[in-house]
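Trainee: Following this message is one structure expressed as structure tokens.
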Amino acid sequence: MKYIIMMNTMRAGHGVPEWPQKDLQAHIAFMVGLNKELRQSGELVSAEGLSFPDQAKLVRASKDGLPITDGVFPESKEFLAGYWIVDVESPERACAIAAKVSAAPGPGGKPLNMPIEVRPIMSGPPPEML
Amino acid sequence: MKYILLMSGTKVGVDTYCAWSQKDIEAHMAVLGRINKELTESGEFVATQGLAGPNEAKVVRGEKNGMPVTDGIFPESKEFLLGYWIVDVATPERAYAIAARISAAPGPGGTPTNVPIEVRRFAFFEQSKSE
């Protein structure tokens with residue numbers, strides 16, 4: 001079964017974390033190591049990091065179908081920072097991977113313990129609806 | 001350049017969608033299916049997924065010993081990711097145009113839903129295919 005593991009951040013003005021270089025490197029090394037493990041176990045489907053909210057746009061269609069773009073977001077909005085899609089045997093395994101992500105090191109090597117959202121992926125709409 | 005188009009909604013919105021007539025749902029899915037087909041033909045399609053409802057979502061934190069602590073209760077007002085499209089396009093404007101077409105997919109009675117679609121560029125470390 002497939003799950004998406006989502007790391008969200010608050011704050012629309014969010015930029016590159018102002019952590020010391022060493023702490024950032026330890027954080028990235030942790031993520032690279034985790035992805036390597038998940039690839040070796042055959043559970044990794046994909047993993048991506050997204051650009052920061054200052055580059056995000058909100059798009060709606062106008063009456064004539066043209067895009068109306070808006071780049072202004074409330075400070076309190078939660079933004080997707082990155083995600084992992086994993087193909088695992090059980091929901092418990094998906095949660096265990098999410099806990100690993102949550103415990104990624106932050107400033108001074110201290111685990112961030114950030115909340116990670118775990119959601120099953122649907123197989124897609126039934127064929128008669130396509 | 002790769003973009004992800006995120007469609008989000010609240011629990012109330014999901015409940016409303018579940019109340020659409022079969023015909024309206026079919027018309028909506030037909031338009032989304034056609035958009036996917038067109039994007040595949042133009043070579044811009046990377047991936048799309050719908051997510052299961054918020055009732056199946058968990059928020060996980062790592063404990064000090066690394067064990068997962070799960071929580072399944074979310075505030076009513078929380079925005080949930082409903083689904084996404086990943087596209088590989090020549091310009092940001094093209095990503096916005098695709099997002100606008102998704103936004104204009106028909107809702108009840110064929111009226112465009114005009115749902116807002118968040119458009120985000122992938123950051124420098126792309127780890128899915130390149131590694």
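The chains in the structure tokens are called A, B, ... from first to last as shown; in each chain the residues are counted from 1, and the ligands are counted from 1 in the order shown.
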Do a neighbour search on Ala123 (chain B) at 12 Å with only C-alpha atoms, toss out local chain neighbours closer than 2 positions, and write the hits as a PyMOL selection string.

Mentor: (chain A and resi 16+47-53+55-56+80-83) or (chain B and resi 1-4+120-121+125-127)

Trainee: Could you tell me which residues of chain B sit within 6 Å of chain A when counting only C-alpha atoms, and give me the result as number ranges by chain?

Mentor: B: 26, 29-30, 33, 50-52, 57-62, 68, 97, 100, 103-104, 114, 116-123, 126-128

Trainee: Report as a PyMOL selection string: the residues of chain B with a DSSP assignment of helix (DSSP H, G or I), based on the backbone of this structure.

Mentor: chain B and resi 11-18+22-41+54-56+92-103+108-110

Trainee: Please identify all polymer residues within 10 Å of Leu82 (chain B), counting only C-alpha atoms, omitting same-chain residues fewer than 2 positions from it, and present them as a VMD selection string.

Mentor: (chain A and resid 121) or (chain B and resid 6 to 10 14 49 to 54 79 to 80 84)

Trainee: Would you output that residue set with C-alpha atoms, as a PDB file, in the first residue's frame?

Mentor:
ATOM      1  CA  ILE A 121      -2.775   7.271  -1.612  1.00  0.00           C
TER       2      ILE A 121
ATOM      3  CA  LEU B   6      -1.647  21.133  -5.175  1.00  0.00           C
ATOM      4  CA  MET B   7      -5.409  20.927  -4.732  1.00  0.00           C
ATOM      5  CA  SER B   8      -6.388  21.415  -1.098  1.00  0.00           C
ATOM      6  CA  GLY B   9      -9.654  21.590   0.794  1.00  0.00           C
ATOM      7  CA  THR B  10     -11.140  21.405   4.266  1.00  0.00           C
ATOM      8  CA  VAL B  14     -14.647  16.994   1.182  1.00  0.00           C
ATOM      9  CA  GLN B  49      -2.434  11.201  -7.328  1.00  0.00           C
ATOM     10  CA  GLY B  50      -5.562  11.615  -5.299  1.00  0.00           C
ATOM     11  CA  LEU B  51      -5.189  11.128  -1.561  1.00  0.00           C
ATOM     12  CA  ALA B  52      -7.536   9.227   0.726  1.00  0.00           C
ATOM     13  CA  GLY B  53      -9.743  11.391   2.962  1.00  0.00           C
ATOM     14  CA  PRO B  54      -8.647  13.154   6.135  1.00  0.00           C
ATOM     15  CA  GLU B  79      -6.628  22.479   4.938  1.00  0.00           C
ATOM     16  CA  PHE B  80      -5.957  19.035   3.530  1.00  0.00           C
ATOM     17  CA  TYR B  84      -1.698  16.766  -6.879  1.00  0.00           C
TER      18      TYR B  84
END

Trainee: Could you give me, as an mmCIF file with N, CA, C and O atoms, in the first residue's frame, the residues within 12 Å of Lys37 (chain B), counting only C-alpha atoms and dropping anything in the same chain fewer than 6 positions from it?

Mentor:
data_model
loop_
_atom_site.group_PDB
_atom_site.id
_atom_site.type_symbol
_atom_site.label_atom_id
_atom_site.label_comp_id
_atom_site.auth_asym_id
_atom_site.auth_seq_id
_atom_site.Cartn_x
_atom_site.Cartn_y
_atom_site.Cartn_z
ATOM 1 N N LEU A 130 -13.584 7.576 -16.024
ATOM 2 C CA LEU A 130 -12.548 8.203 -16.866
ATOM 3 C C LEU A 130 -12.994 8.258 -18.317
ATOM 4 O O LEU A 130 -13.825 7.485 -18.748
ATOM 5 N N ALA B 30 -14.225 13.330 -15.966
ATOM 6 C CA ALA B 30 -13.957 13.275 -17.412
ATOM 7 C C ALA B 30 -13.022 14.411 -17.821
ATOM 8 O O ALA B 30 -12.091 14.210 -18.603
ATOM 9 N N VAL B 31 -13.263 15.612 -17.268
ATOM 10 C CA VAL B 31 -12.405 16.763 -17.603
ATOM 11 C C VAL B 31 -10.994 16.545 -17.061
ATOM 12 O O VAL B 31 -10.005 16.758 -17.768
ATOM 13 N N GLY B 43 3.947 15.535 -23.361
ATOM 14 C CA GLY B 43 5.199 15.174 -22.688
ATOM 15 C C GLY B 43 5.432 15.929 -21.388
ATOM 16 O O GLY B 43 6.515 15.884 -20.823
ATOM 17 N N GLU B 44 4.403 16.645 -20.904
ATOM 18 C CA GLU B 44 4.565 17.444 -19.685
ATOM 19 C C GLU B 44 4.143 16.695 -18.420
ATOM 20 O O GLU B 44 4.403 17.151 -17.310
ATOM 21 N N PHE B 45 3.485 15.565 -18.596
ATOM 22 C CA PHE B 45 2.952 14.828 -17.455
ATOM 23 C C PHE B 45 4.052 14.078 -16.712
ATOM 24 O O PHE B 45 4.856 13.378 -17.323
ATOM 25 N N VAL B 46 4.110 14.219 -15.396
ATOM 26 C CA VAL B 46 5.051 13.425 -14.588
ATOM 27 C C VAL B 46 4.265 12.463 -13.697
ATOM 28 O O VAL B 46 4.506 11.260 -13.710
ATOM 29 N N ALA B 47 3.317 12.989 -12.929
ATOM 30 C CA ALA B 47 2.553 12.126 -12.022
ATOM 31 C C ALA B 47 1.318 12.863 -11.520
ATOM 32 O O ALA B 47 1.274 14.094 -11.510
ATOM 33 N N THR B 48 0.323 12.091 -11.132
ATOM 34 C CA THR B 48 -0.827 12.671 -10.437
ATOM 35 C C THR B 48 -1.360 11.641 -9.456
ATOM 36 O O THR B 48 -1.252 10.446 -9.706
#
